[in-house]
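Here's the structure we're looking at; comments come further down.
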Protein chains: 2
Amino acid sequence: MSSSNNITPLFQDLAKLENEQHRAVCQDCSLSRLCLPLGLHNDDLVQLDKIIKRSNSYKRGHSLFSIDTPFKSLFVVRSGSFKTTISASNGREQVTGFYFPGEFIGLDAIHEQVYKSNARALESSSVCELPYENLQELGQEMPQLQLQLLSRLSKELSGDKGLMLLLGKKSAEEKLATYLLSLSKRFNERGYSATEFQLSMSRTDIGNHLGLAVETVSRLFSRFQEQGLIAIAGKTISLQAMDKMDALCK
Amino acid sequence: MSSSNNITPLFQDLAKLENEQHRAVCQDCSLSRLCLPLGLHNDDLVQLDKIIKRSNSYKRGHSLFSIDTPFKSLFVVRSGSFKTTISASNGREQVTGFYFPGEFIGLDAIHEQVYKSNARALESSSVCELPYENLQELGQEMPQLQLQLLSRLSKELSGDKGLMLLLGKKSAEEKLATYLLSLSKRFNERGYSATEFQLSMSRTDIGNHLGLAVETVSRLFSRFQEQGLIAIAGKTISLQAMDKMDALCK
DNA sequence: TTATCACCATGATCTAAATCAATAAAGTTA
DNA sequence: TAACTTTATTGATTTAGATCATGGTGATAA
């Protein structure tokens with residue numbers, strides 16, 4: 001089956017596309033409008049392109065870096081998806097985020113120059129690696145680049161404040177509805193369907209991220225389906241009443 | 001009673017000191033080692049100083065800015081303390097952070113150029129205002145300043161990930177213990193006692209921030225006191241067994 | 001001085017979601 | 001293909017912490 005089937009693939013077609021293009025430079029990359037190049041002039045883009053290392057595929061479960069190792073590079077997802085986790089001293093883990101193409105991983109490592117989380121691929125995925133030292137040098141010549149970086153950090157910060165509200169104040173139902181709509185929005189921004197997509201993360205990961213038990217997530221999926229809000233089969237989900245879902249977010 | 005009494009005052013003495021100095025410039029400010037000037041040369045410091053607006057005192061409860069208003073400036077606490085909140089569409093609020101001298105407020109507004117939260121003084125407090133446009137211009141000439149900004153954003157991001165772990169995975173007891181130690185650390189970094197300080201925020205604010213009901217916070221304070229972990233009277237708290245407290249954080 | 005109001009403490013009760021338990025799918029490996 | 005292993009679903013039971021209720025305390029003010 002071609003990549004033109006009617007459900008959203010796990011961003012694999014992007015990977016395929018870019019492999020065919022012999023690892024497209026930033027100028028040709030379909031993500032540039034969501035990524036660091038936003039607002040850069042073509043000359044600057046050429047410069048940026050030179051410092052970027054394009055990775056091979058990371059297989060499901062493989063780590064981009066692990067916690068407490070020296071910070072060298074920021075990463076931008078090129079295809080696939082990742083999760084980041086941090087852990088408490090007794091081993092409990094918290095999924096702190098999911099990352100899709102064009103999104104930055106490792107921004108929280110800049111301060112201490114040490115990775116503060118673990119980043120794992122949720123499926124076969126690839127990244128662009130941005131060596132921070134080079135990025136720094138480049139930033140001195142390209143104010144736009146610096147502003148982009150600040151803006152991305154600020155965006156993630158703002159998103160995390162929203163997650164604090166979710167974790168601290170929302171009911172299980174509100175949490176899951178909020179999460180599904182956030183996914184929908186991000187898929188849509190990337191040119192995919194806002195209503196039909198694949199959940200590349202497990203129920204356990206979703207629950208962990210939202211501060212819920214797996215069982216609660218399962219039950220809620222079932223209930224949302226009974227109520228006609230969604231249709232879900234394994235990892236494929238379809239949002240069938242965005243308005244009602246939106247009302248659930250509170 | 002003078003500010004030399006034996007318990008930590010609410011950062012009021014700093015304010016007093018700086019008023020006496022006719023609003024000290026960055027070069028003379030006791031906070032510079034915790035603040036934006038870190039790593040800047042003296043010449044650069046003079047430049048930075050020129051763009052900073054030093055505020056009068058904000059009274060308890062007064063807002064630095066409110067949600068959804070255009071972003072103009074970042075703020076750094078000069079004396080006193082602030083809380084930031086965001087709210088869900090149904091009115092529920094989440095306290096997203098407490099801010100002490102040298103800490104930045106408004107970093108999450110850079111991305112959308114709109115304040116995404118509300119910032120209120122918890123006591124009589126003052127700030128340094130950094131107009132973002134000026135900061136940007138200055139940043140182009142002073143790479144160190146840009147790096148400092150990125151670093152501060154990254155630090156807050158990293159802290160927020162920790163809060164996600166706290167909100168999502170920790171028990172009430174662990175939450176409060178973690179919170180008290182975080183305060184202790186921050187007071188200590190500012191030259192105050194790590195074991196005796198004033199809680200400028202209400203029990204309600206603490207509970208809200210940690211995802212707990214006020215009653216739970218009250219009960220835990222009482223229990224920690226019974227167990228000899230702390231001594232608490234109103235807003236004055238003394239940590240009497242840091243090691244045990246640390247063990248509680250998990 | 002007492003009235004008012006916001007904040008705090010503590011007991012009694014309730015409940016949303018966790019945990020425990022068992023089974024069923026869906027992947028993976030041999 | 002069967003033998004495992006991991007992941008997901010669904011039901012029964014438990015529980016941590018919320019909510020409800022009441023009274024205390026301390027600050028501000030009239």
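Identifiers for the structure tokens are assigned positionally: chains receive A, B, ... in sequence, residues are indexed from 1 per chain, and ligands are indexed from 1 in the order shown.
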Subject >> Shell around segment 89-103 of chain B at 6 Å using only C-alpha atoms (C1' of nucleotides), local window under 6 positions removed, as a ChimeraX atom specification >> reply: /A:165,250 /B:31,34-35,76-79,81-83,208-209
Original post:
Residues of chain C within 12 Å of chain B, using only C-alpha atoms (C1' of nucleotides), as a ChimeraX atom specification?
Top reply: /C:6-11
Would you give me, as a compact mmCIF listing (two decimals) with all heavy atoms, in the first residue's frame, the residues of chain D that come within 12 Å of chain B, using only C-alpha atoms (C1' of nucleotides)?
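Listing of selection_7.txt after writing:
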# COMPACT_ATOMS: atom_id res chain seq x y z
P DA D 16 -3.43 5.04 51.20
OP1 DA D 16 -2.47 3.94 51.20
OP2 DA D 16 -4.01 5.53 52.48
O5' DA D 16 -2.77 6.27 50.43
C5' DA D 16 -2.65 6.24 49.00
C4' DA D 16 -3.10 7.57 48.42
O4' DA D 16 -4.55 7.61 48.36
C3' DA D 16 -2.67 8.79 49.22
O3' DA D 16 -2.26 9.77 48.29
C2' DA D 16 -3.92 9.20 50.01
C1' DA D 16 -5.05 8.73 49.09
N9 DA D 16 -6.26 8.25 49.75
C8 DA D 16 -6.34 7.64 50.97
N7 DA D 16 -7.57 7.28 51.30
C5 DA D 16 -8.33 7.68 50.22
C6 DA D 16 -9.72 7.60 49.96
N6 DA D 16 -10.60 7.04 50.80
N1 DA D 16 -10.16 8.10 48.78
C2 DA D 16 -9.28 8.64 47.94
N3 DA D 16 -7.95 8.79 48.08
C4 DA D 16 -7.55 8.29 49.25
P DG D 17 -1.57 11.13 48.74
OP1 DG D 17 -0.54 11.45 47.72
OP2 DG D 17 -1.22 11.02 50.17
O5' DG D 17 -2.76 12.15 48.58
C5' DG D 17 -3.47 12.14 47.33
C4' DG D 17 -4.81 12.78 47.51
O4' DG D 17 -5.71 11.94 48.28
C3' DG D 17 -4.81 14.15 48.21
O3' DG D 17 -5.61 14.99 47.41
C2' DG D 17 -5.46 13.84 49.56
C1' DG D 17 -6.47 12.77 49.13
N9 DG D 17 -7.04 11.98 50.19
C8 DG D 17 -6.42 11.51 51.32
N7 DG D 17 -7.23 10.84 52.10
C5 DG D 17 -8.45 10.87 51.45
C6 DG D 17 -9.70 10.33 51.82
O6 DG D 17 -9.99 9.67 52.82
N1 DG D 17 -10.70 10.59 50.87
C2 DG D 17 -10.49 11.30 49.71
N2 DG D 17 -11.55 11.46 48.91
N3 DG D 17 -9.32 11.82 49.35
C4 DG D 17 -8.35 11.57 50.27
P DA D 18 -5.75 16.54 47.54
OP1 DA D 18 -4.98 17.14 46.45
OP2 DA D 18 -5.54 16.94 48.96
O5' DA D 18 -7.30 16.71 47.20
C5' DA D 18 -7.82 16.06 46.02
C4' DA D 18 -9.33 16.06 46.07
O4' DA D 18 -9.78 15.13 47.09
C3' DA D 18 -9.94 17.41 46.42
O3' DA D 18 -11.03 17.67 45.53
C2' DA D 18 -10.37 17.28 47.87
C1' DA D 18 -10.59 15.79 48.05
N9 DA D 18 -10.17 15.31 49.36
C8 DA D 18 -8.92 15.40 49.92
N7 DA D 18 -8.84 14.86 51.13
C5 DA D 18 -10.12 14.40 51.37
C6 DA D 18 -10.70 13.74 52.48
N6 DA D 18 -10.00 13.41 53.58
N1 DA D 18 -12.01 13.42 52.40
C2 DA D 18 -12.70 13.75 51.30
N3 DA D 18 -12.26 14.37 50.18
C4 DA D 18 -10.95 14.66 50.29
P DT D 19 -11.76 19.05 45.59
OP1 DT D 19 -12.32 19.23 44.24
OP2 DT D 19 -10.89 20.06 46.20
O5' DT D 19 -12.97 18.80 46.60
C5' DT D 19 -13.85 17.72 46.38
C4' DT D 19 -14.80 17.62 47.56
O4' DT D 19 -14.09 17.11 48.72
C3' DT D 19 -15.41 18.97 48.00
O3' DT D 19 -16.81 18.79 48.04
C2' DT D 19 -14.79 19.22 49.37
C1' DT D 19 -14.53 17.79 49.85
N1 DT D 19 -13.48 17.60 50.89
C2 DT D 19 -13.78 16.88 52.02
O2 DT D 19 -14.88 16.42 52.24
N3 DT D 19 -12.74 16.74 52.91
C4 DT D 19 -11.45 17.23 52.77
O4 DT D 19 -10.62 17.02 53.64
C5 DT D 19 -11.20 17.98 51.57
C7 DT D 19 -9.85 18.56 51.32
C6 DT D 19 -12.21 18.12 50.69
P DC D 20 -17.79 20.03 48.32
OP1 DC D 20 -18.97 19.82 47.46
OP2 DC D 20 -17.02 21.27 48.24
O5' DC D 20 -18.22 19.80 49.84
C5' DC D 20 -18.67 18.51 50.26
C4' DC D 20 -18.90 18.49 51.75
O4' DC D 20 -17.63 18.29 52.43
C3' DC D 20 -19.49 19.78 52.32
O3' DC D 20 -20.51 19.43 53.24
C2' DC D 20 -18.29 20.45 53.00
C1' DC D 20 -17.53 19.21 53.50
N1 DC D 20 -16.10 19.42 53.78
C2 DC D 20 -15.54 18.87 54.93
O2 DC D 20 -16.25 18.23 55.70
N3 DC D 20 -14.23 19.06 55.19
C4 DC D 20 -13.48 19.76 54.34
N4 DC D 20 -12.19 19.92 54.63
C5 DC D 20 -14.02 20.34 53.15
C6 DC D 20 -15.33 20.15 52.91
P DT D 25 -7.04 29.83 68.99
OP1 DT D 25 -6.30 29.01 69.96
OP2 DT D 25 -8.00 30.88 69.43
O5' DT D 25 -5.99 30.53 68.02
C5' DT D 25 -5.68 29.97 66.74
C4' DT D 25 -5.24 31.09 65.83
O4' DT D 25 -6.29 31.46 64.89
C3' DT D 25 -4.84 32.40 66.54
O3' DT D 25 -3.60 32.80 66.00
C2' DT D 25 -5.97 33.35 66.18
C1' DT D 25 -6.32 32.85 64.78
N1 DT D 25 -7.65 33.19 64.22
C2 DT D 25 -7.70 33.64 62.90
O2 DT D 25 -6.72 33.77 62.20
N3 DT D 25 -8.96 33.93 62.44
C4 DT D 25 -10.15 33.82 63.15
O4 DT D 25 -11.22 34.12 62.62
C5 DT D 25 -10.02 33.35 64.50
C7 DT D 25 -11.26 33.19 65.34
C6 DT D 25 -8.80 33.07 64.97
P DG D 26 -2.66 33.82 66.79
OP1 DG D 26 -1.40 33.13 67.14
OP2 DG D 26 -3.47 34.50 67.85
O5' DG D 26 -2.34 34.89 65.67
C5' DG D 26 -2.28 34.48 64.29
C4' DG D 26 -2.64 35.66 63.42
O4' DG D 26 -4.07 35.72 63.20
C3' DG D 26 -2.26 37.02 64.02
O3' DG D 26 -1.75 37.81 62.94
C2' DG D 26 -3.58 37.58 64.52
C1' DG D 26 -4.52 37.03 63.43
N9 DG D 26 -5.93 36.96 63.78
C8 DG D 26 -6.49 36.64 64.99
N7 DG D 26 -7.80 36.66 64.96
C5 DG D 26 -8.11 37.03 63.65
C6 DG D 26 -9.36 37.23 63.03
O6 DG D 26 -10.49 37.10 63.51
N1 DG D 26 -9.23 37.60 61.69
C2 DG D 26 -8.02 37.76 61.04
N2 DG D 26 -8.08 38.12 59.76
N3 DG D 26 -6.84 37.58 61.62
C4 DG D 26 -6.97 37.23 62.91
Original post:
Please, which residues of chain B lie no more than 8 Å from chain A when the count uses only C-alpha atoms, and can they be set out as a ChimeraX atom specification?
Top reply: /B:86-90,92-94,96,107-112,116,140,143,146,149-158,160-165,167-169,208-212,250
Original post:
When you draw a straight line from atom CA of Asp49 of chain A to atom CA of Leu36 of chain A, how long is it in Å?
Top reply: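 Atom-to-atom, atom CA of Asp49 of chain A and atom CA of Leu36 of chain A are spaced 10.6 Å apart.
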Subject >> DSSP strand (DSSP E) residues within segment 78-196 of chain B, as a list of chain:residue names >> reply: B:Arg78, B:Ser79, B:Phe82, B:Lys83, B:Thr84, B:Thr85, B:Ile86, B:Ser87, B:Glu93, B:Gln94, B:Val95, B:Thr96, B:Gly97, B:Phe98, B:Tyr99, B:Phe104, B:Ile105, B:Asn118, B:Ala119, B:Arg120, B:Ala121, B:Ser126, B:Val127, B:Cys128, B:Glu129, B:Leu130, B:Pro131, B:Glu196
